[in-house]
>>> print(open('entry34.cif').read())   # mmCIF, C-alpha atoms (C1' of nucleotides); chains and numbers go by the auth columns
data_coords
loop_
_atom_site.group_PDB
_atom_site.id
_atom_site.type_symbol
_atom_site.label_atom_id
_atom_site.label_comp_id
_atom_site.label_asym_id
_atom_site.label_seq_id
_atom_site.Cartn_x
_atom_site.Cartn_y
_atom_site.Cartn_z
_atom_site.B_iso_or_equiv
_atom_site.auth_seq_id
_atom_site.auth_asym_id
ATOM 1 C CA MET A 1 0.000 0.000 0.000 0.00 1 J
ATOM 2 C CA ALA A 2 1.182 3.517 -0.853 0.00 2 J
ATOM 3 C CA LYS A 3 2.147 6.009 1.830 0.00 3 J
ATOM 4 C CA PRO A 4 -0.670 8.498 2.504 0.00 4 J
ATOM 5 C CA ILE A 5 -0.043 12.061 1.315 0.00 5 J
ATOM 6 C CA ILE A 6 -0.787 13.354 4.794 0.00 6 J
ATOM 7 C CA ASP A 7 2.389 11.697 6.064 0.00 7 J
ATOM 8 C CA THR A 8 4.424 14.179 4.020 0.00 8 J
ATOM 9 C CA MET A 9 3.359 16.914 6.403 0.00 9 J
ATOM 10 C CA THR A 10 5.824 17.536 9.233 0.00 10 J
ATOM 11 C CA ASP A 11 4.751 17.685 12.870 0.00 11 J
ATOM 12 C CA GLU A 12 5.400 21.424 12.945 0.00 12 J
ATOM 13 C CA HIS A 13 3.197 21.981 9.927 0.00 13 J
ATOM 14 C CA MET A 14 0.461 19.870 11.441 0.00 14 J
ATOM 15 C CA GLU A 15 0.639 21.952 14.595 0.00 15 J
ATOM 16 C CA ARG A 16 0.423 25.116 12.524 0.00 16 J
ATOM 17 C CA THR A 17 -2.553 23.680 10.667 0.00 17 J
ATOM 18 C CA MET A 18 -4.292 22.954 13.962 0.00 18 J
ATOM 19 C CA ALA A 19 -3.526 26.460 15.203 0.00 19 J
ATOM 20 C CA VAL A 20 -5.196 27.892 12.106 0.00 20 J
ATOM 21 C CA MET A 21 -8.181 25.540 12.396 0.00 21 J
ATOM 22 C CA LYS A 22 -8.815 26.189 16.063 0.00 22 J
ATOM 23 C CA GLY A 23 -8.248 29.881 15.551 0.00 23 J
ATOM 24 C CA MET A 24 -10.887 30.014 12.835 0.00 24 J
ATOM 25 C CA ALA A 25 -13.369 27.616 14.437 0.00 25 J
ATOM 26 C CA HIS A 26 -15.585 30.335 15.845 0.00 26 J
ATOM 27 C CA PRO A 27 -17.920 32.563 13.825 0.00 27 J
ATOM 28 C CA ILE A 28 -16.697 35.802 15.411 0.00 28 J
ATOM 29 C CA ARG A 29 -13.040 34.956 14.837 0.00 29 J
ATOM 30 C CA PHE A 30 -13.750 33.786 11.294 0.00 30 J
ATOM 31 C CA ARG A 31 -15.451 37.078 10.528 0.00 31 J
ATOM 32 C CA ILE A 32 -12.667 39.071 12.172 0.00 32 J
ATOM 33 C CA VAL A 33 -10.137 37.364 9.932 0.00 33 J
ATOM 34 C CA ALA A 34 -12.352 37.915 6.906 0.00 34 J
ATOM 35 C CA LEU A 35 -12.429 41.641 7.716 0.00 35 J
ATOM 36 C CA LEU A 36 -8.640 41.734 8.029 0.00 36 J
ATOM 37 C CA CYS A 37 -8.366 40.042 4.629 0.00 37 J
ATOM 38 C CA GLU A 38 -9.768 43.212 3.126 0.00 38 J
ATOM 39 C CA ARG A 39 -7.812 45.784 5.128 0.00 39 J
ATOM 40 C CA ASP A 40 -6.406 46.585 8.581 0.00 40 J
ATOM 41 C CA HIS A 41 -8.977 47.412 11.258 0.00 41 J
ATOM 42 C CA THR A 42 -9.047 48.871 14.739 0.00 42 J
ATOM 43 C CA VAL A 43 -10.984 47.095 17.473 0.00 43 J
ATOM 44 C CA THR A 44 -13.776 49.641 17.376 0.00 44 J
ATOM 45 C CA GLU A 45 -14.122 49.308 13.606 0.00 45 J
ATOM 46 C CA MET A 46 -14.458 45.537 13.889 0.00 46 J
ATOM 47 C CA SER A 47 -16.877 45.886 16.765 0.00 47 J
ATOM 48 C CA GLN A 48 -19.107 48.108 14.631 0.00 48 J
ATOM 49 C CA ALA A 49 -18.736 46.173 11.386 0.00 49 J
ATOM 50 C CA LEU A 50 -19.690 42.894 13.074 0.00 50 J
ATOM 51 C CA ALA A 51 -22.137 44.334 15.623 0.00 51 J
ATOM 52 C CA VAL A 52 -20.323 42.570 18.444 0.00 52 J
ATOM 53 C CA ARG A 53 -19.440 44.033 21.866 0.00 53 J
ATOM 54 C CA GLN A 54 -15.953 45.496 22.162 0.00 54 J
ATOM 55 C CA ALA A 55 -14.961 43.216 25.040 0.00 55 J
ATOM 56 C CA SER A 56 -15.977 40.218 22.972 0.00 56 J
ATOM 57 C CA ILE A 57 -13.886 41.350 19.998 0.00 57 J
ATOM 58 C CA SER A 58 -10.891 41.900 22.264 0.00 58 J
ATOM 59 C CA GLN A 59 -11.402 38.490 23.825 0.00 59 J
ATOM 60 C CA HIS A 60 -11.371 36.764 20.453 0.00 60 J
ATOM 61 C CA LEU A 61 -8.413 38.790 19.218 0.00 61 J
ATOM 62 C CA SER A 62 -6.351 37.479 22.101 0.00 62 J
ATOM 63 C CA PRO A 63 -6.041 33.864 20.871 0.00 63 J
ATOM 64 C CA LEU A 64 -5.594 35.066 17.285 0.00 64 J
ATOM 65 C CA ARG A 65 -2.695 37.199 18.461 0.00 65 J
ATOM 66 C CA LEU A 66 -1.252 34.383 20.573 0.00 66 J
ATOM 67 C CA LEU A 67 -1.376 32.014 17.620 0.00 67 J
ATOM 68 C CA GLY A 68 0.354 34.579 15.450 0.00 68 J
ATOM 69 C CA LEU A 69 -2.564 34.718 13.031 0.00 69 J
ATOM 70 C CA VAL A 70 -2.936 38.479 13.406 0.00 70 J
ATOM 71 C CA GLY A 71 -0.556 41.265 14.368 0.00 71 J
ATOM 72 C CA VAL A 72 -1.234 44.527 16.156 0.00 72 J
ATOM 73 C CA ASP A 73 0.188 48.016 15.846 0.00 73 J
ATOM 74 C CA ARG A 74 -0.364 50.007 19.030 0.00 74 J
ATOM 75 C CA THR A 75 0.216 53.617 18.112 0.00 75 J
ATOM 76 C CA GLY A 76 -1.620 56.242 20.086 0.00 76 J
ATOM 77 C CA GLY A 77 -4.786 55.123 21.826 0.00 77 J
ATOM 78 C CA ASN A 78 -5.813 52.794 19.022 0.00 78 J
ATOM 79 C CA ALA A 79 -4.823 49.246 18.223 0.00 79 J
ATOM 80 C CA THR A 80 -4.735 48.468 14.528 0.00 80 J
ATOM 81 C CA TYR A 81 -4.847 44.800 13.666 0.00 81 J
ATOM 82 C CA THR A 82 -3.263 43.201 10.605 0.00 82 J
ATOM 83 C CA LEU A 83 -3.399 39.798 8.975 0.00 83 J
ATOM 84 C CA GLN A 84 -0.189 37.947 9.775 0.00 84 J
ATOM 85 C CA GLU A 85 -0.658 34.444 8.395 0.00 85 J
ATOM 86 C CA PRO A 86 -0.685 34.651 4.564 0.00 86 J
ATOM 87 C CA MET A 87 -2.526 31.367 4.060 0.00 87 J
ATOM 88 C CA LEU A 88 -5.603 32.744 5.804 0.00 88 J
ATOM 89 C CA ARG A 89 -6.473 34.646 2.630 0.00 89 J
ATOM 90 C CA ASN A 90 -6.549 31.404 0.675 0.00 90 J
ATOM 91 C CA LEU A 91 -8.507 29.720 3.436 0.00 91 J
ATOM 92 C CA VAL A 92 -11.170 32.416 3.573 0.00 92 J
ATOM 93 C CA ASN A 93 -11.349 32.492 -0.224 0.00 93 J
ATOM 94 C CA CYS A 94 -11.748 28.735 -0.207 0.00 94 J
ATOM 95 C CA PHE A 95 -14.913 29.039 1.884 0.00 95 J
ATOM 96 C CA LEU A 96 -16.187 32.119 0.085 0.00 96 J
ATOM 97 C CA SER A 97 -15.833 30.461 -3.299 0.00 97 J
ATOM 98 C CA HIS A 98 -17.851 27.489 -2.096 0.00 98 J
ATOM 99 C CA TYR A 99 -20.358 29.163 0.157 0.00 99 J
ATOM 100 C CA GLY A 100 -20.181 32.875 -0.398 0.00 100 J
ATOM 101 C CA ARG A 101 -21.685 35.409 -2.754 0.00 101 J
ATOM 102 C CA MET B 1 -17.608 52.606 4.068 0.00 1 S
ATOM 103 C CA ALA B 2 -18.118 49.550 1.859 0.00 2 S
ATOM 104 C CA LYS B 3 -19.954 46.484 3.066 0.00 3 S
ATOM 105 C CA PRO B 4 -17.512 43.704 4.112 0.00 4 S
ATOM 106 C CA ILE B 5 -17.327 40.705 1.796 0.00 5 S
ATOM 107 C CA ILE B 6 -18.055 38.406 4.716 0.00 6 S
ATOM 108 C CA ASP B 7 -21.571 39.830 4.936 0.00 7 S
ATOM 109 C CA THR B 8 -22.377 38.212 1.609 0.00 8 S
ATOM 110 C CA MET B 9 -22.245 34.827 3.308 0.00 9 S
ATOM 111 C CA THR B 10 -25.637 33.572 4.503 0.00 10 S
ATOM 112 C CA ASP B 11 -26.207 32.286 8.028 0.00 11 S
ATOM 113 C CA GLU B 12 -26.576 28.744 6.732 0.00 12 S
ATOM 114 C CA HIS B 13 -23.255 28.948 4.926 0.00 13 S
ATOM 115 C CA MET B 14 -21.579 30.355 8.004 0.00 14 S
ATOM 116 C CA GLU B 15 -22.952 27.449 10.024 0.00 15 S
ATOM 117 C CA ARG B 16 -21.660 25.021 7.432 0.00 16 S
ATOM 118 C CA THR B 17 -18.284 26.735 7.518 0.00 17 S
ATOM 119 C CA MET B 18 -18.161 26.356 11.309 0.00 18 S
ATOM 120 C CA ALA B 19 -19.138 22.706 11.025 0.00 19 S
ATOM 121 C CA VAL B 20 -16.226 22.119 8.668 0.00 20 S
ATOM 122 C CA MET B 21 -13.810 24.080 10.856 0.00 21 S
ATOM 123 C CA LYS B 22 -14.760 22.365 14.082 0.00 22 S
ATOM 124 C CA GLY B 23 -14.804 19.015 12.338 0.00 23 S
ATOM 125 C CA MET B 24 -11.257 19.501 11.087 0.00 24 S
ATOM 126 C CA ALA B 25 -9.856 21.160 14.206 0.00 25 S
ATOM 127 C CA HIS B 26 -8.288 18.011 15.585 0.00 26 S
ATOM 128 C CA PRO B 27 -5.170 16.300 14.205 0.00 27 S
ATOM 129 C CA ILE B 28 -6.743 12.833 14.116 0.00 28 S
ATOM 130 C CA ARG B 29 -9.849 14.060 12.298 0.00 29 S
ATOM 131 C CA PHE B 30 -7.782 16.145 9.900 0.00 30 S
ATOM 132 C CA ARG B 31 -5.692 13.115 9.015 0.00 31 S
ATOM 133 C CA ILE B 32 -8.781 10.912 8.675 0.00 32 S
ATOM 134 C CA VAL B 33 -10.225 13.358 6.152 0.00 33 S
ATOM 135 C CA ALA B 34 -6.887 13.562 4.345 0.00 34 S
ATOM 136 C CA LEU B 35 -6.929 9.761 4.015 0.00 35 S
ATOM 137 C CA LEU B 36 -10.465 9.843 2.631 0.00 36 S
ATOM 138 C CA CYS B 37 -9.378 12.455 0.090 0.00 37 S
ATOM 139 C CA GLU B 38 -7.253 9.759 -1.507 0.00 38 S
ATOM 140 C CA ARG B 39 -9.696 6.861 -1.372 0.00 39 S
ATOM 141 C CA ASP B 40 -12.384 5.201 0.753 0.00 40 S
ATOM 142 C CA HIS B 41 -11.168 3.460 3.902 0.00 41 S
ATOM 143 C CA THR B 42 -12.499 1.053 6.499 0.00 42 S
ATOM 144 C CA VAL B 43 -12.042 1.830 10.180 0.00 43 S
ATOM 145 C CA THR B 44 -9.306 -0.772 10.564 0.00 44 S
ATOM 146 C CA GLU B 45 -7.411 0.640 7.582 0.00 45 S
ATOM 147 C CA MET B 46 -7.477 4.124 9.045 0.00 46 S
ATOM 148 C CA SER B 47 -6.504 2.790 12.456 0.00 47 S
ATOM 149 C CA GLN B 48 -3.433 1.139 10.935 0.00 48 S
ATOM 150 C CA ALA B 49 -2.506 3.965 8.560 0.00 49 S
ATOM 151 C CA LEU B 50 -2.590 6.532 11.348 0.00 50 S
ATOM 152 C CA ALA B 51 -1.378 4.263 14.158 0.00 51 S
ATOM 153 C CA VAL B 52 -4.355 5.243 16.307 0.00 52 S
ATOM 154 C CA ARG B 53 -6.500 2.888 18.423 0.00 53 S
ATOM 155 C CA GLN B 54 -9.700 1.674 16.790 0.00 54 S
ATOM 156 C CA ALA B 55 -11.956 3.101 19.490 0.00 55 S
ATOM 157 C CA SER B 56 -10.348 6.488 19.015 0.00 56 S
ATOM 158 C CA ILE B 57 -10.881 6.400 15.252 0.00 57 S
ATOM 159 C CA SER B 58 -14.532 5.445 15.752 0.00 58 S
ATOM 160 C CA GLN B 59 -14.923 8.202 18.281 0.00 59 S
ATOM 161 C CA HIS B 60 -13.650 10.819 15.859 0.00 60 S
ATOM 162 C CA LEU B 61 -15.650 9.440 12.971 0.00 61 S
ATOM 163 C CA SER B 62 -18.821 9.996 14.945 0.00 62 S
ATOM 164 C CA PRO B 63 -18.830 13.818 14.794 0.00 63 S
ATOM 165 C CA LEU B 64 -17.608 13.742 11.178 0.00 64 S
ATOM 166 C CA ARG B 65 -20.593 11.548 10.336 0.00 65 S
ATOM 167 C CA LEU B 66 -22.971 13.726 12.337 0.00 66 S
ATOM 168 C CA LEU B 67 -21.768 16.848 10.548 0.00 67 S
ATOM 169 C CA GLY B 68 -22.212 15.128 7.204 0.00 68 S
ATOM 170 C CA LEU B 69 -18.553 15.506 6.345 0.00 69 S
ATOM 171 C CA VAL B 70 -18.126 11.787 5.739 0.00 70 S
ATOM 172 C CA GLY B 71 -20.492 8.999 4.735 0.00 71 S
ATOM 173 C CA VAL B 72 -20.425 5.329 5.621 0.00 72 S
ATOM 174 C CA ASP B 73 -21.330 2.170 3.739 0.00 73 S
ATOM 175 C CA ARG B 74 -22.081 -0.680 6.126 0.00 74 S
ATOM 176 C CA THR B 75 -21.971 -3.827 4.057 0.00 75 S
ATOM 177 C CA GLY B 76 -20.996 -7.013 5.804 0.00 76 S
ATOM 178 C CA GLY B 77 -18.999 -6.647 8.992 0.00 77 S
ATOM 179 C CA ASN B 78 -16.983 -3.706 7.675 0.00 78 S
ATOM 180 C CA ALA B 79 -17.765 0.004 7.583 0.00 79 S
ATOM 181 C CA THR B 80 -16.314 1.791 4.583 0.00 80 S
ATOM 182 C CA TYR B 81 -16.091 5.542 4.952 0.00 81 S
ATOM 183 C CA THR B 82 -16.320 8.054 2.105 0.00 82 S
ATOM 184 C CA LEU B 83 -15.737 11.774 1.754 0.00 83 S
ATOM 185 C CA GLN B 84 -19.094 13.525 1.604 0.00 84 S
ATOM 186 C CA GLU B 85 -18.314 17.243 1.641 0.00 85 S
ATOM 187 C CA PRO B 86 -16.647 18.165 -1.668 0.00 86 S
ATOM 188 C CA MET B 87 -14.977 21.311 -0.368 0.00 87 S
ATOM 189 C CA LEU B 88 -12.852 19.276 2.029 0.00 88 S
ATOM 190 C CA ARG B 89 -10.589 18.335 -0.860 0.00 89 S
ATOM 191 C CA ASN B 90 -9.893 21.981 -1.558 0.00 90 S
ATOM 192 C CA LEU B 91 -9.417 22.655 2.124 0.00 91 S
ATOM 193 C CA VAL B 92 -6.906 19.858 2.586 0.00 92 S
ATOM 194 C CA ASN B 93 -5.110 20.875 -0.594 0.00 93 S
ATOM 195 C CA CYS B 94 -5.015 24.445 0.672 0.00 94 S
ATOM 196 C CA PHE B 95 -3.044 23.326 3.719 0.00 95 S
ATOM 197 C CA LEU B 96 -0.900 20.835 1.843 0.00 96 S
ATOM 198 C CA SER B 97 0.107 23.416 -0.732 0.00 97 S
ATOM 199 C CA HIS B 98 1.204 25.781 2.024 0.00 98 S
ATOM 200 C CA TYR B 99 2.626 23.367 4.536 0.00 99 S
ATOM 201 C CA GLY B 100 2.960 19.982 2.890 0.00 100 S
ATOM 202 C CA ARG B 101 5.517 18.171 0.792 0.00 101 S
ATOM 203 C "C1'" DT C 1 -25.766 -21.758 18.835 0.00 1 H
ATOM 204 C "C1'" DA C 2 -21.052 -20.391 19.917 0.00 2 H
ATOM 205 C "C1'" DT C 3 -17.399 -17.712 18.551 0.00 3 H
ATOM 206 C "C1'" DC C 4 -14.595 -14.374 16.173 0.00 4 H
ATOM 207 C "C1'" DC C 5 -13.833 -10.063 14.051 0.00 5 H
ATOM 208 C "C1'" DA C 6 -14.986 -5.233 13.153 0.00 6 H
ATOM 209 C "C1'" DT C 7 -17.167 -1.370 14.807 0.00 7 H
ATOM 210 C "C1'" DA C 8 -19.677 1.635 18.036 0.00 8 H
ATOM 211 C "C1'" DT C 9 -20.851 3.383 22.458 0.00 9 H
ATOM 212 C "C1'" DT C 10 -20.656 4.609 27.331 0.00 10 H
ATOM 213 C "C1'" DG C 11 -19.007 6.392 31.652 0.00 11 H
ATOM 214 C "C1'" DC C 12 -15.861 8.668 33.749 0.00 12 H
ATOM 215 C "C1'" DG C 13 -12.440 12.772 35.046 0.00 13 H
ATOM 216 C "C1'" DA C 14 -9.400 16.491 33.401 0.00 14 H
ATOM 217 C "C1'" DG C 15 -9.014 20.388 31.060 0.00 15 H
ATOM 218 C "C1'" DG C 16 -10.457 23.853 27.638 0.00 16 H
ATOM 219 C "C1'" DT C 17 -13.897 27.300 25.657 0.00 17 H
ATOM 220 C "C1'" DT C 18 -17.578 30.572 25.871 0.00 18 H
ATOM 221 C "C1'" DA C 19 -20.514 34.587 27.185 0.00 19 H
ATOM 222 C "C1'" DC C 20 -21.265 38.056 30.263 0.00 20 H
ATOM 223 C "C1'" DG C 21 -20.592 41.772 33.379 0.00 21 H
ATOM 224 C "C1'" DA C 22 -17.378 44.245 35.726 0.00 22 H
ATOM 225 C "C1'" DT C 23 -13.161 46.299 35.999 0.00 23 H
ATOM 226 C "C1'" DA C 24 -8.505 47.615 34.863 0.00 24 H
ATOM 227 C "C1'" DT C 25 -4.966 49.874 31.839 0.00 25 H
ATOM 228 C "C1'" DG C 26 -3.132 53.396 29.092 0.00 26 H
ATOM 229 C "C1'" DG C 27 -2.979 57.341 25.801 0.00 27 H
ATOM 230 C "C1'" DC C 28 -4.569 61.915 25.040 0.00 28 H
ATOM 231 C "C1'" DA C 29 -6.673 66.384 25.676 0.00 29 H
ATOM 232 C "C1'" DA C 30 -8.303 70.077 28.574 0.00 30 H
ATOM 233 C "C1'" DT D 1 -4.223 66.237 37.368 0.00 1 E
ATOM 234 C "C1'" DT D 2 -8.917 65.185 35.698 0.00 2 E
ATOM 235 C "C1'" DG D 3 -11.640 63.067 32.585 0.00 3 E
ATOM 236 C "C1'" DC D 4 -12.591 60.656 28.284 0.00 4 E
ATOM 237 C "C1'" DC D 5 -11.878 57.293 24.856 0.00 5 E
ATOM 238 C "C1'" DA D 6 -10.062 52.829 23.242 0.00 6 E
ATOM 239 C "C1'" DT D 7 -8.561 48.515 24.550 0.00 7 E
ATOM 240 C "C1'" DA D 8 -7.585 44.568 27.542 0.00 8 E
ATOM 241 C "C1'" DT D 9 -8.330 41.518 31.320 0.00 9 E
ATOM 242 C "C1'" DC D 10 -10.634 39.145 35.187 0.00 10 E
ATOM 243 C "C1'" DG D 11 -14.029 36.148 37.575 0.00 11 E
ATOM 244 C "C1'" DT D 12 -17.525 33.079 37.169 0.00 12 E
ATOM 245 C "C1'" DA D 13 -20.619 29.566 35.624 0.00 13 E
ATOM 246 C "C1'" DA D 14 -22.220 26.658 31.839 0.00 14 E
ATOM 247 C "C1'" DC D 15 -20.861 23.857 28.561 0.00 15 E
ATOM 248 C "C1'" DC D 16 -18.043 21.161 25.393 0.00 16 E
ATOM 249 C "C1'" DT D 17 -14.088 18.095 24.177 0.00 17 E
ATOM 250 C "C1'" DC D 18 -10.700 14.696 24.916 0.00 18 E
ATOM 251 C "C1'" DG D 19 -8.492 10.317 26.202 0.00 19 E
ATOM 252 C "C1'" DC D 20 -8.976 6.110 28.256 0.00 20 E
ATOM 253 C "C1'" DA D 21 -10.804 1.712 29.577 0.00 21 E
ATOM 254 C "C1'" DA D 22 -14.509 -1.123 29.391 0.00 22 E
ATOM 255 C "C1'" DT D 23 -18.281 -2.853 27.147 0.00 23 E
ATOM 256 C "C1'" DA D 24 -21.899 -3.411 23.764 0.00 24 E
ATOM 257 C "C1'" DT D 25 -23.535 -4.442 19.023 0.00 25 E
ATOM 258 C "C1'" DG D 26 -23.786 -6.962 14.957 0.00 26 E
ATOM 259 C "C1'" DG D 27 -22.293 -9.678 10.833 0.00 27 E
ATOM 260 C "C1'" DA D 28 -20.059 -13.894 9.377 0.00 28 E
ATOM 261 C "C1'" DT D 29 -18.514 -18.446 9.982 0.00 29 E
ATOM 262 C "C1'" DA D 30 -18.087 -22.881 11.989 0.00 30 E
#
>>> encode(input="entry34.cif", output="structure tokens")
Amino acid sequence: MAKPIIDTMTDEHMERTMAVMKGMAHPIRFRIVALLCERDHTVTEMSQALAVRQASISQHLSPLRLLGLVGVDRTGGNATYTLQEPMLRNLVNCFLSHYGR
Amino acid sequence: MAKPIIDTMTDEHMERTMAVMKGMAHPIRFRIVALLCERDHTVTEMSQALAVRQASISQHLSPLRLLGLVGVDRTGGNATYTLQEPMLRNLVNCFLSHYGR
DNA sequence: TATCCATATTGCGAGGTTACGATATGGCAA
DNA sequence: TTGCCATATCGTAACCTCGCAATATGGATA
């Protein structure tokens, strides 16, 4: 029997894959990432765009930050968030092309 | 300000997206799905290919079945599992093309 | 029927996730 | 400093997930 393709993925890459999956496995976090695919956002902007309480947005940004999926630029009183993990664009597009529009 | 792309996704599609995410957010389930991307497998085959106890494989197949991500053909004593959700191929390929090989 | 093999389920206990309200931190302007 | 705005964190309770061991189910064969 042939070796499964999945065995060509290293342990580190599997861990990264799981980080991405768990990071995106919540509707609020998925939508946050989708917003950041379009452009950088502050917390307040995301809170308004998604109609979700500020504390809740902050809470969900925390794991995304910890996992290195998003980055933050704290200049002045605002915190501007950026997409850090390039593959997230492909991931979001993957779902949008199947389910979106 | 322009309406975010993510708002073009219906509630049902968002739910489906979350089902896929949560279904795949575990290394054993991710690898099960990756196996099924190549060809149908019985439980024993997956157990051997992934070096994971049979009960554990069955346990993880249960939510995948419930979410409709995989299908099962119970003929004779064996249970042959099949990929049900077409977009899973693209999803797995998305990760493999970034992290695999 | 008795038995074997493959598969599924159940009953824990440990640990993680979530929402919510409240509160804390920290920059900036008056 | 005082006060305001933006952001982050904390505490709690409800709930979900996981691994593990044991057991149940069910087809096939003798």
>>> axis_aligned_box(input="entry34.cif", around="stretch 51-69 of chain S", padding_each_side="8 Å", output="AutoDock Vina command-line options")
--center_x -12.2 --center_y 9.3 --center_z 12.9 --size_x 37.6 --size_y 31.2 --size_z 29.1
>>> interface_residues(input="entry34.cif", of="chain S", to="chain J", cutoff="10 Å", atoms="only C-alpha atoms", output="ChimeraX atom specification")
/S:1,3-10,12-27,30-39,49-50,86-88,90-92,94-101
>>> write_last_selection(input="entry34.cif", atoms="C-alpha atoms", output="mmCIF file, in the frame of the given file")
data_model
loop_
_atom_site.group_PDB
_atom_site.id
_atom_site.type_symbol
_atom_site.label_atom_id
_atom_site.label_comp_id
_atom_site.auth_asym_id
_atom_site.auth_seq_id
_atom_site.Cartn_x
_atom_site.Cartn_y
_atom_site.Cartn_z
ATOM 1 C CA MET S 1 -17.608 52.606 4.068
ATOM 2 C CA LYS S 3 -19.954 46.484 3.066
ATOM 3 C CA PRO S 4 -17.512 43.704 4.112
ATOM 4 C CA ILE S 5 -17.327 40.705 1.796
ATOM 5 C CA ILE S 6 -18.055 38.406 4.716
ATOM 6 C CA ASP S 7 -21.571 39.830 4.936
ATOM 7 C CA THR S 8 -22.377 38.212 1.609
ATOM 8 C CA MET S 9 -22.245 34.827 3.308
ATOM 9 C CA THR S 10 -25.637 33.572 4.503
ATOM 10 C CA GLU S 12 -26.576 28.744 6.732
ATOM 11 C CA HIS S 13 -23.255 28.948 4.926
ATOM 12 C CA MET S 14 -21.579 30.355 8.004
ATOM 13 C CA GLU S 15 -22.952 27.449 10.024
ATOM 14 C CA ARG S 16 -21.660 25.021 7.432
ATOM 15 C CA THR S 17 -18.284 26.735 7.518
ATOM 16 C CA MET S 18 -18.161 26.356 11.309
ATOM 17 C CA ALA S 19 -19.138 22.706 11.025
ATOM 18 C CA VAL S 20 -16.226 22.119 8.668
ATOM 19 C CA MET S 21 -13.810 24.080 10.856
ATOM 20 C CA LYS S 22 -14.760 22.365 14.082
ATOM 21 C CA GLY S 23 -14.804 19.015 12.338
ATOM 22 C CA MET S 24 -11.257 19.501 11.087
ATOM 23 C CA ALA S 25 -9.856 21.160 14.206
ATOM 24 C CA HIS S 26 -8.288 18.011 15.585
ATOM 25 C CA PRO S 27 -5.170 16.300 14.205
ATOM 26 C CA PHE S 30 -7.782 16.145 9.900
ATOM 27 C CA ARG S 31 -5.692 13.115 9.015
ATOM 28 C CA ILE S 32 -8.781 10.912 8.675
ATOM 29 C CA VAL S 33 -10.225 13.358 6.152
ATOM 30 C CA ALA S 34 -6.887 13.562 4.345
ATOM 31 C CA LEU S 35 -6.929 9.761 4.015
ATOM 32 C CA LEU S 36 -10.465 9.843 2.631
ATOM 33 C CA CYS S 37 -9.378 12.455 0.090
ATOM 34 C CA GLU S 38 -7.253 9.759 -1.507
ATOM 35 C CA ARG S 39 -9.696 6.861 -1.372
ATOM 36 C CA ALA S 49 -2.506 3.965 8.560
ATOM 37 C CA LEU S 50 -2.590 6.532 11.348
ATOM 38 C CA PRO S 86 -16.647 18.165 -1.668
ATOM 39 C CA MET S 87 -14.977 21.311 -0.368
ATOM 40 C CA LEU S 88 -12.852 19.276 2.029
ATOM 41 C CA ASN S 90 -9.893 21.981 -1.558
ATOM 42 C CA LEU S 91 -9.417 22.655 2.124
ATOM 43 C CA VAL S 92 -6.906 19.858 2.586
ATOM 44 C CA CYS S 94 -5.015 24.445 0.672
ATOM 45 C CA PHE S 95 -3.044 23.326 3.719
ATOM 46 C CA LEU S 96 -0.900 20.835 1.843
ATOM 47 C CA SER S 97 0.107 23.416 -0.732
ATOM 48 C CA HIS S 98 1.204 25.781 2.024
ATOM 49 C CA TYR S 99 2.626 23.367 4.536
ATOM 50 C CA GLY S 100 2.960 19.982 2.890
ATOM 51 C CA ARG S 101 5.517 18.171 0.792
#
>>> resolve_selection(input="entry34.cif", expression="the PyMOL selection byres ((chain S) within 9 of (chain E))", output="list of chain:residue names")
S:Ser56, S:Thr75, S:Gly76, S:Gly77, S:Asn78
>>> interface_residues(input="entry34.cif", of="chain H", to="chain S", cutoff="12 Å", atoms="only C-alpha atoms (C1' of nucleotides)", output="PDB file with C-alpha atoms (C1' of nucleotides), in the frame of the given file")
ATOM      1  C1'  DC H   4     -14.595 -14.374  16.173  1.00  0.00           C
ATOM      2  C1'  DC H   5     -13.833 -10.063  14.051  1.00  0.00           C
ATOM      3  C1'  DA H   6     -14.986  -5.233  13.153  1.00  0.00           C
ATOM      4  C1'  DT H   7     -17.167  -1.370  14.807  1.00  0.00           C
ATOM      5  C1'  DA H   8     -19.677   1.635  18.036  1.00  0.00           C
ATOM      6  C1'  DT H   9     -20.851   3.383  22.458  1.00  0.00           C
ATOM      7  C1'  DT H  10     -20.656   4.609  27.331  1.00  0.00           C
TER       8       DT H  10
END
